[in-house]
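The structure file my_file_34.cif is reproduced below (mmCIF, C-alpha atoms).
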```cif
data_final
loop_
_atom_site.label_atom_id
_atom_site.label_comp_id
_atom_site.auth_asym_id
_atom_site.auth_seq_id
_atom_site.Cartn_x
_atom_site.Cartn_y
_atom_site.Cartn_z
CA MET A 874 -134.37 105.98 101.28
CA THR A 875 -134.58 102.31 102.29
CA TRP A 876 -136.73 99.45 101.05
CA ASP A 877 -139.06 100.08 103.99
CA ASP A 878 -139.81 103.52 102.54
CA ILE A 879 -140.70 102.35 99.03
CA ASP A 880 -144.06 103.49 97.64
CA TRP A 881 -145.07 100.57 95.43
CA ASN A 882 -148.04 102.43 93.96
CA CYS A 883 -145.69 105.20 92.88
CA LEU A 884 -143.42 102.68 91.15
CA ALA A 885 -146.43 101.11 89.41
CA ARG A 886 -147.42 104.51 88.01
CA GLN A 887 -143.88 105.07 86.79
CA ARG A 888 -143.81 101.67 85.13
CA GLU A 889 -146.98 102.53 83.19
CA ARG A 890 -145.40 105.80 82.07
CA PHE A 891 -142.22 104.03 80.94
CA LEU A 892 -144.24 101.57 78.88
CA ASP A 893 -146.22 104.43 77.31
CA GLY A 894 -143.03 106.26 76.35
CA SER A 895 -144.67 108.98 74.25
CA PRO A 896 -143.40 112.56 74.06
CA GLY A 897 -145.24 115.58 75.36
CA THR A 898 -147.76 113.90 77.67
CA GLY A 899 -147.37 116.27 80.62
CA PRO A 900 -145.15 116.52 83.70
CA TYR A 901 -143.16 113.35 84.35
CA TRP A 902 -142.59 113.84 88.07
CA ALA A 903 -145.41 114.76 90.46
CA SER A 904 -143.33 115.04 93.63
CA ALA A 905 -139.86 114.69 95.15
CA SER A 906 -141.05 111.30 96.43
CA ASP A 907 -141.49 110.13 92.82
CA LEU A 908 -137.82 110.89 92.18
CA GLU A 909 -136.65 109.27 95.40
CA ASN A 910 -138.51 106.03 94.62
CA TYR A 911 -137.27 106.06 91.02
CA ASP A 912 -133.65 106.77 91.94
CA PHE A 913 -133.59 103.90 94.43
CA THR A 914 -134.97 101.31 91.99
CA TYR A 915 -135.30 102.03 88.27
CA GLY A 916 -132.56 104.63 88.45
CA GLU A 917 -130.18 102.18 90.10
CA ARG A 918 -130.72 99.71 87.25
CA ILE A 919 -129.90 102.48 84.77
CA GLY A 920 -126.78 103.11 86.84
CA TRP A 921 -125.68 99.50 86.24
CA LYS A 922 -125.95 100.09 82.50
CA TRP A 923 -123.82 103.21 82.82
CA ASP A 924 -121.26 101.20 84.79
CA ALA A 925 -120.94 98.82 81.82
CA VAL A 926 -120.63 101.72 79.35
CA LEU A 927 -117.95 103.40 81.46
CA ASP A 928 -116.03 100.13 81.88
CA GLU A 929 -115.94 99.80 78.11
CA LEU A 930 -114.70 103.35 77.69
CA ASP A 931 -112.04 102.67 80.30
CA GLY A 932 -110.89 99.66 78.30
CA ARG A 933 -110.68 101.87 75.19
CA LYS A 934 -108.45 104.27 77.20
CA TRP A 935 -110.93 107.13 76.92
CA ARG A 936 -111.22 109.91 79.45
CA PRO A 937 -113.24 113.13 79.25
CA SER A 938 -111.53 116.43 78.56
CA LYS A 939 -111.64 118.68 81.60
CA GLY A 940 -114.61 121.02 81.33
CA ALA A 941 -118.25 121.35 82.28
CA ILE A 942 -120.52 118.30 82.23
CA LEU A 943 -124.15 118.78 81.20
CA ASP A 944 -126.69 116.10 82.16
CA TRP A 945 -129.57 116.69 79.73
CA GLY A 946 -132.93 115.15 80.65
CA CYS A 947 -131.31 114.38 83.98
CA GLY A 948 -134.26 112.86 85.83
CA SER A 949 -132.78 111.96 89.22
CA GLY A 950 -129.26 112.61 87.91
CA VAL A 951 -128.06 109.01 88.10
CA ALA A 952 -126.21 109.16 84.75
CA SER A 953 -124.02 112.15 85.58
CA ARG A 954 -123.35 110.84 89.09
CA ARG A 955 -122.08 107.54 87.65
CA VAL A 956 -119.83 109.40 85.18
CA ILE A 957 -118.41 111.64 87.91
CA GLU A 958 -117.87 108.68 90.24
CA LYS A 959 -115.95 106.88 87.49
CA PHE A 960 -113.61 109.67 86.49
CA GLY A 961 -113.58 111.70 89.71
CA PRO A 962 -115.04 115.17 90.33
CA GLU A 963 -111.60 116.67 89.66
CA SER A 964 -112.07 115.71 86.00
CA PHE A 965 -114.81 118.33 85.59
CA THR A 966 -115.00 122.06 86.26
CA GLU A 967 -118.72 121.99 87.08
CA LEU A 968 -121.94 120.03 86.63
CA HIS A 969 -125.06 121.44 84.98
CA VAL A 970 -128.32 119.50 85.22
CA TRP A 971 -131.25 120.02 82.88
CA ASP A 972 -134.72 118.54 82.75
CA HIS A 973 -138.10 119.88 81.66
CA SER A 974 -139.16 119.20 85.25
CA GLU A 975 -138.02 121.70 87.88
CA LEU A 976 -138.53 118.96 90.49
CA ALA A 977 -136.04 116.74 88.67
CA ARG A 978 -133.48 119.53 88.30
CA SER A 979 -133.72 120.27 92.01
CA PHE A 980 -133.42 116.59 93.02
CA ALA A 981 -130.45 115.94 90.70
CA ARG A 982 -128.71 119.10 91.84
CA ASN A 983 -129.16 118.32 95.54
CA ARG A 984 -127.96 114.73 95.17
CA ALA A 985 -124.86 115.84 93.26
CA VAL A 986 -124.05 118.53 95.84
CA ALA A 987 -124.31 115.92 98.61
CA ASP A 988 -122.19 113.34 96.74
CA PHE A 989 -119.55 115.72 95.35
CA PRO A 990 -119.22 118.62 97.80
CA GLY A 991 -116.18 120.10 96.06
CA LEU A 992 -117.83 120.28 92.62
CA ALA A 993 -119.81 123.32 91.48
CA VAL A 994 -123.35 122.19 90.58
CA SER A 995 -126.03 124.32 88.98
CA ASP A 996 -129.35 124.27 87.19
CA ALA A 997 -128.57 124.35 83.46
CA LYS A 998 -131.49 126.56 82.47
CA GLY A 999 -129.18 129.42 81.50
CA ILE A 1000 -126.65 127.11 79.84
CA ILE A 1001 -129.27 125.60 77.54
CA SER A 1002 -130.14 128.95 75.96
CA GLY A 1003 -126.57 130.29 75.90
CA ASP A 1004 -123.50 129.54 73.83
CA ALA A 1005 -120.95 128.53 76.51
CA PRO A 1006 -118.81 125.52 75.58
CA ILE A 1007 -119.69 122.14 77.12
CA GLY A 1008 -117.02 119.61 77.96
CA LEU A 1009 -119.21 116.50 78.14
CA LEU A 1010 -122.87 116.14 77.17
CA VAL A 1011 -124.54 113.23 79.01
CA ILE A 1012 -127.90 111.87 77.79
CA SER A 1013 -129.72 108.88 79.25
CA HIS A 1014 -132.93 106.99 78.52
CA VAL A 1015 -134.85 109.76 76.78
CA LEU A 1016 -134.87 108.86 73.08
CA ASN A 1017 -138.33 107.28 72.87
CA GLU A 1018 -139.84 110.37 74.53
CA LEU A 1019 -138.08 113.09 72.53
CA SER A 1020 -140.12 115.47 70.42
CA ALA A 1021 -138.69 116.75 67.15
CA GLU A 1022 -138.01 120.04 68.94
CA ASP A 1023 -136.09 118.28 71.72
CA LEU A 1024 -133.95 116.36 69.24
CA SER A 1025 -133.15 119.55 67.36
CA ALA A 1026 -132.17 121.24 70.65
CA LEU A 1027 -129.91 118.32 71.50
CA GLY A 1028 -128.24 118.58 68.11
CA MET A 1029 -127.41 122.21 68.79
CA LEU A 1030 -126.02 121.33 72.22
CA SER A 1031 -123.85 118.62 70.67
CA ARG A 1032 -122.24 121.24 68.45
CA ARG A 1033 -121.13 123.08 71.60
CA SER A 1034 -119.76 119.90 73.23
CA ARG A 1035 -116.31 118.32 73.13
CA ALA A 1036 -117.76 114.86 73.81
CA VAL A 1037 -121.12 113.08 74.07
CA LEU A 1038 -122.12 109.98 76.04
CA TRP A 1039 -125.63 108.71 75.29
CA THR A 1040 -127.08 105.51 76.79
CA GLU A 1041 -130.50 104.02 76.04
CA PRO A 1042 -132.48 100.78 76.53
CA GLY A 1043 -131.37 98.02 74.19
CA SER A 1044 -134.59 97.58 72.24
CA ARG A 1045 -134.42 97.20 68.47
CA GLU A 1046 -136.31 100.39 67.63
CA ILE A 1047 -134.42 102.63 70.04
CA SER A 1048 -131.04 101.16 69.18
CA ARG A 1049 -131.52 101.65 65.45
CA SER A 1050 -132.69 105.24 66.05
CA LEU A 1051 -129.57 105.87 68.14
CA GLY A 1052 -127.47 104.45 65.31
CA SER A 1053 -128.99 107.01 62.97
CA ILE A 1054 -128.02 109.81 65.37
CA ARG A 1055 -124.54 108.30 65.63
CA ASP A 1056 -124.11 108.58 61.87
CA GLN A 1057 -125.44 112.16 61.79
CA TRP A 1058 -123.50 113.51 64.75
CA GLY A 1059 -120.43 111.42 63.93
CA ARG A 1060 -119.70 113.76 61.04
CA GLU A 1061 -118.54 116.33 63.59
CA PHE A 1062 -117.02 113.89 66.10
CA ARG A 1063 -114.91 110.79 66.18
CA VAL A 1064 -116.73 107.66 67.32
CA VAL A 1065 -115.20 106.19 70.48
CA ALA A 1066 -117.61 103.31 71.20
CA PRO A 1067 -119.27 100.91 70.87
CA CYS A 1068 -117.91 100.97 67.33
CA THR A 1069 -114.28 100.04 66.73
CA HIS A 1070 -114.23 102.06 63.50
CA SER A 1071 -115.43 105.37 62.12
CA ASN A 1072 -117.33 103.98 59.12
CA PRO A 1073 -121.11 104.43 58.82
CA CYS A 1074 -123.00 102.02 61.08
CA PRO A 1075 -123.18 98.72 59.14
CA ILE A 1076 -126.38 97.69 60.92
CA ARG A 1077 -128.17 100.41 58.96
CA GLU A 1078 -127.05 98.94 55.63
CA GLU A 1079 -129.52 97.18 53.37
CA GLY A 1080 -129.83 93.53 54.31
CA ASN A 1081 -129.08 94.06 58.00
CA GLU A 1082 -132.56 95.17 59.04
CA ARG A 1083 -132.98 92.26 61.48
CA HIS A 1084 -129.99 93.35 63.56
CA TRP A 1085 -129.60 96.08 66.15
CA CYS A 1086 -126.56 97.23 68.15
CA HIS A 1087 -127.22 96.24 71.76
CA HIS A 1088 -125.30 94.81 74.67
CA PHE A 1089 -125.97 93.43 78.15
CA ALA A 1090 -124.83 94.92 81.45
CA PRO A 1091 -124.18 92.64 84.43
CA PRO A 1092 -126.30 93.39 87.52
CA PRO A 1093 -124.48 93.18 90.87
CA PRO A 1094 -124.56 89.49 91.85
CA LEU A 1095 -125.74 90.22 95.38
CA ILE A 1096 -129.15 91.47 94.25
CA PHE A 1097 -130.25 87.92 93.41
CA ALA A 1098 -129.93 86.99 97.08
CA ASP A 1099 -131.71 90.19 98.18
CA SER A 1100 -135.41 89.58 98.78
CA ASN A 1101 -136.16 93.28 98.28
CA TRP A 1102 -134.74 93.32 94.76
CA VAL A 1103 -136.49 90.04 93.99
CA LYS A 1104 -139.79 91.55 95.14
CA PHE A 1105 -139.15 94.66 93.06
CA GLY A 1106 -138.45 92.58 89.96
CA GLN A 1107 -141.62 90.57 90.42
CA ARG A 1108 -143.86 93.58 91.02
CA ALA A 1109 -142.34 95.59 88.18
CA GLY A 1110 -142.41 92.65 85.77
CA ILE A 1111 -138.65 92.92 85.22
CA ASP A 1112 -136.14 90.13 84.65
CA LEU A 1113 -133.33 91.26 86.95
CA ARG A 1114 -130.84 89.11 85.04
CA SER A 1115 -131.29 91.02 81.79
CA LEU A 1116 -130.04 94.58 81.34
CA PRO A 1117 -129.96 95.29 77.60
CA TYR A 1118 -128.61 98.67 76.59
CA ALA A 1119 -127.43 100.64 73.58
CA PHE A 1120 -125.06 103.59 73.63
CA ILE A 1121 -122.82 105.91 71.66
CA ALA A 1122 -119.68 107.72 72.77
CA LEU A 1123 -118.42 110.57 70.59
CA ASP A 1124 -115.39 112.82 71.11
CA ARG A 1125 -113.88 115.60 69.00
CA ASP A 1126 -110.42 115.03 70.51
CA TRP A 1127 -110.37 111.23 70.26
CA PRO A 1128 -107.27 110.10 68.34
CA GLY A 1129 -109.14 107.14 66.91
CA PRO A 1130 -109.58 103.45 67.76
CA GLU A 1131 -106.78 100.96 68.14
CA PRO A 1132 -106.41 99.02 64.90
CA GLY A 1133 -107.87 95.57 64.58
CA LEU A 1134 -110.52 95.72 67.30
CA SER A 1135 -113.96 94.11 67.07
CA ARG A 1136 -117.17 94.53 69.09
CA VAL A 1137 -119.53 91.61 69.67
CA ILE A 1138 -123.19 92.59 69.20
CA GLY A 1139 -125.70 91.18 71.68
CA ARG A 1140 -124.87 87.84 73.27
CA PRO A 1141 -122.92 84.98 71.68
CA GLU A 1142 -124.96 81.84 71.07
CA HIS A 1143 -123.51 78.65 72.50
CA PHE A 1144 -123.99 75.24 70.96
CA LYS A 1145 -122.32 72.00 72.02
CA PRO A 1146 -119.43 72.14 69.51
CA TYR A 1147 -119.05 75.91 69.03
CA ALA A 1148 -120.03 79.47 69.92
CA ARG A 1149 -121.50 81.77 67.28
CA LEU A 1150 -121.49 85.55 67.48
CA LEU A 1151 -122.33 88.66 65.49
CA ASN A 1152 -119.16 90.67 65.03
CA CYS A 1153 -118.78 94.34 64.08
CA ASP A 1154 -115.48 95.81 62.90
CA SER A 1155 -114.11 98.04 60.16
CA GLY A 1156 -115.13 95.44 57.60
CA GLY A 1157 -118.78 95.57 58.66
CA LEU A 1158 -120.99 92.90 60.23
CA SER A 1159 -120.06 89.23 60.07
CA GLU A 1160 -121.09 86.02 61.78
CA LEU A 1161 -118.09 84.29 63.39
CA THR A 1162 -117.65 80.97 65.16
CA ALA A 1163 -115.28 79.78 67.90
CA MET A 1164 -114.90 75.99 68.08
CA LYS A 1165 -115.02 74.59 71.61
CA ARG A 1166 -112.52 71.83 70.86
CA GLU A 1167 -109.91 74.17 69.40
CA ASN A 1168 -110.37 77.06 71.84
CA PRO A 1169 -112.09 75.85 75.04
CA GLY A 1170 -110.93 78.85 77.08
CA LEU A 1171 -112.43 81.38 74.70
CA TYR A 1172 -115.60 79.30 74.30
CA LYS A 1173 -116.13 79.40 78.07
CA GLU A 1174 -115.16 83.05 78.39
CA LEU A 1175 -117.69 84.15 75.78
CA GLU A 1176 -120.39 82.45 77.82
CA LYS A 1177 -119.34 83.52 81.31
CA THR A 1178 -117.64 86.91 81.13
CA LYS A 1179 -119.49 89.97 82.43
CA ARG A 1180 -117.25 92.60 80.86
CA PRO A 1181 -117.87 94.37 77.52
CA LEU A 1182 -117.16 92.04 74.58
CA VAL A 1183 -114.37 93.93 72.82
CA TYR A 1184 -111.68 91.74 71.22
CA ARG A 1185 -108.75 91.62 68.89
CA TRP A 1186 -109.32 88.43 66.95
CA SER A 1187 -106.98 86.14 65.12
CA ARG A 1188 -109.24 84.53 62.57
CA LYS A 1189 -109.30 82.52 59.41
CA GLY A 1190 -112.33 83.59 57.44
CA ALA A 1191 -115.34 83.23 59.74
CA ALA A 1192 -113.46 80.95 62.18
CA ILE A 1193 -111.93 82.54 65.29
CA GLU A 1194 -108.55 81.01 66.08
CA SER A 1195 -107.84 83.11 69.18
CA GLY A 1196 -108.97 86.32 70.84
CA GLU A 1197 -107.32 88.99 72.97
CA ALA A 1198 -109.89 90.63 75.26
CA ILE A 1199 -109.78 94.40 75.76
CA ARG A 1200 -110.39 94.77 79.49
CA PRO A 1201 -111.19 97.76 81.69
CA ARG A 1202 -108.04 99.18 83.28
CA SER A 1203 -109.63 99.73 86.68
#
```
Structure rendered as structure tokens:
Amino acid sequence: MTWDDIDWNCLARQRERFLDGSPGTGPYWASASDLENYDFTYGERIGWKWDAVLDELDGRKWRPSKGAILDWGCGSGVASRRVIEKFGPESFTELHVWDHSELARSFARNRAVADFPGLAVSDAKGIISGDAPIGLLVISHVLNELSAEDLSALGMLSRRSRAVLWTEPGSREISRSLGSIRDQWGREFRVVAPCTHSNPCPIREEGNERHWCHHFAPPPPLIFADSNWVKFGQRAGIDLRSLPYAFIALDRDWPGPEPGLSRVIGRPEHFKPYARLLNCDSGGLSELTAMKRENPGLYKELEKTKRPLVYRWSRKGAAIESGEAIRPRS
């Protein structure tokens, strides 16, 4: 597909469905064209969020155990394709795609076969109802549409999985719901990210109701000079600069986080003399400051960097004296 092929009416219908976001309101996809238009636009933006998630996991030195990957609620399959691109098809024995829509399963399967010709790809219909082990369970942008039955089914699939990657929009409601699932499922897994600890999520503690665990992915810079993307953003009512997301990464085999790491929640706020940020670590949530005069490099980095905000701080109380950034290896 190219921009000349885009069906703008189709994208408008999809936008209305996204905003509705209620479970059980009928078939999501009416045609293969729906999926093609979605994958080229909305799906690509979701792919940028997955890129940020996978960069963070790379910085934490996480890799999936070799085994089957199951993309649940696959849609066009963009999530599993991004994961496979990051770690290489040789990291997985096979890919299973599942969606309530047969059209979506077919589209995701065909795209994966074309992109990864050496990887076995199949419809996961039989896997869902079976008991075969799953290496990696991938879930993306489905939480606000899940029925109670769907969530229960996902819980059962998680118990068959060695690891889970789940990415969602970064809204307050969805993020806090994902945090609840993190605490429930985390009893059987070790938490890899975004947390730097295995304690219960501190955002869910009393007194922290105004907070939610979200982050911002960087869009590719070239899209801002691309008139097609600018037109898409205007017609869809989307700020192309803002890609908020929330995610959890769980793994049964994870040895545990490096000691002393912190994760910045949301975006740091910058004032003339200092930067202020919401910090999460093994001690819980805390508001920290980095003075511009004492640490100009860090002050600027917190404003400009596009990578995940994972640090090892040297601090005195709530004052950051210095910070070592945890960067993606690749």
Residues at most 8 Å from Thr1162 of chain A, counting all atoms listed in the file, excluding those fewer than 2 positions away in the same chain, as an mmCIF file with C-alpha atoms, keeping the file's coordinate frame?
```cif
data_model
loop_
_atom_site.group_PDB
_atom_site.id
_atom_site.type_symbol
_atom_site.label_atom_id
_atom_site.label_comp_id
_atom_site.auth_asym_id
_atom_site.auth_seq_id
_atom_site.Cartn_x
_atom_site.Cartn_y
_atom_site.Cartn_z
ATOM 1 C CA TYR A 1147 -119.050 75.910 69.030
ATOM 2 C CA ALA A 1148 -120.030 79.470 69.920
ATOM 3 C CA ARG A 1149 -121.500 81.770 67.280
ATOM 4 C CA LEU A 1150 -121.490 85.550 67.480
ATOM 5 C CA GLU A 1160 -121.090 86.020 61.780
ATOM 6 C CA MET A 1164 -114.900 75.990 68.080
ATOM 7 C CA ALA A 1191 -115.340 83.230 59.740
ATOM 8 C CA ALA A 1192 -113.460 80.950 62.180
ATOM 9 C CA ILE A 1193 -111.930 82.540 65.290
#
```
- Starting from the displayed file, determine the output of the PyMOL selection byres ((chain A and resi 985) around 12) and express the residue list as JSON, numbers by chain. {"A": [944, 947, 949, 950, 951, 952, 953, 954, 955, 956, 957, 958, 962, 967, 968, 969, 970, 978, 979, 980, 981, 982, 983, 984, 986, 987, 988, 989, 990, 991, 992, 993, 994, 995, 996]}
- Query: Could you write out as number ranges by chain the residues that the PyMOL selection byres ((chain A and resi 913) around 10) matches in the shown file?
  - Reply: A: 874-876, 879, 908-912, 914-918, 949, 951
- To verify the selection step, state as a ChimeraX atom specification which residues the PyMOL selection byres ((chain A and resi 1090-1094) around 6) yields on this input. /A:922,925,1089,1095-1096,1116,1179
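The space separating atom CA of Trp1085 of chain A from atom CA of Asn1017 of chain A comes to 15.7 Å.
Of the residues listed (A:Asn1101, A:Ile1000, A:Arg1060, A:Arg1114), A:Asn1101 shows the shortest atom-to-atom separation from Asp878 of chain A; distances use all atoms listed in the file.
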- Query: Pick from A:Ala977, A:Leu1030, A:Ile1047, A:Ala1122: nearest to Asp1004 of chain A, with only C-alpha atoms counted?
  - Reply: A:Leu1030
- Task: Find the residues near Ile1012 of chain A: any atom within 10 Å, counting only C-alpha atoms, skip ones fewer than 4 places away on the same chain, and give them as a PyMOL selection string.
- Result: chain A and resi 943-947+952-953+1016+1027+1037-1041+1120-1121
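Look at Gly1170 of chain A: the protein and nucleic acid residues within 12 Å of it, using only C-alpha atoms and passing over chain neighbours fewer than 3 places away, are Tyr1147, Ala1148, Ala1163, Met1164, Lys1165, Arg1166, Glu1167, Lys1173, Glu1174, Leu1175, Glu1176, Lys1177, Thr1178, Glu1194, Ser1195, Gly1196, Glu1197 and Ala1198 of chain A.
Counting all atoms listed in the file and comparing A:Ile1111, A:Ser1155, A:Arg1045, A:Arg1136, the residue that lies closest to Ser1071 of chain A is A:Ser1155.
Take atom CA of Ala1119 of chain A and atom CA of Trp902 of chain A: the distance between them is 24.8 Å.
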- Any idea what's packed within 7 Å of segment 934-942 of chain A, counting all atoms listed in the file, ignoring anything in its chain fewer than 2 positions away? Could you give it as a ChimeraX atom specification? /A:930-932,944,964-969,1007-1010
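For the choices A:Arg1140, A:Gly948, A:Ala905, A:Asp928, the atom-to-atom distance to Arg1202 of chain A is smallest for A:Asp928 when using all atoms listed in the file.
Closest approach to Glu889 of chain A from the set A:Gly999, A:Gly1080, A:Gly1110, A:Pro1130 is made by A:Gly1110, with distances taken over only C-alpha atoms.
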- Proximity to Leu1024 of chain A - best of A:Ile1054, A:Arg1180, A:Gly1003, A:Glu1046, all atoms listed in the file: A:Ile1054
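Put simply, atom CA of Gly1190 of chain A is 12.4 Å away from atom CA of Asn1152 of chain A.
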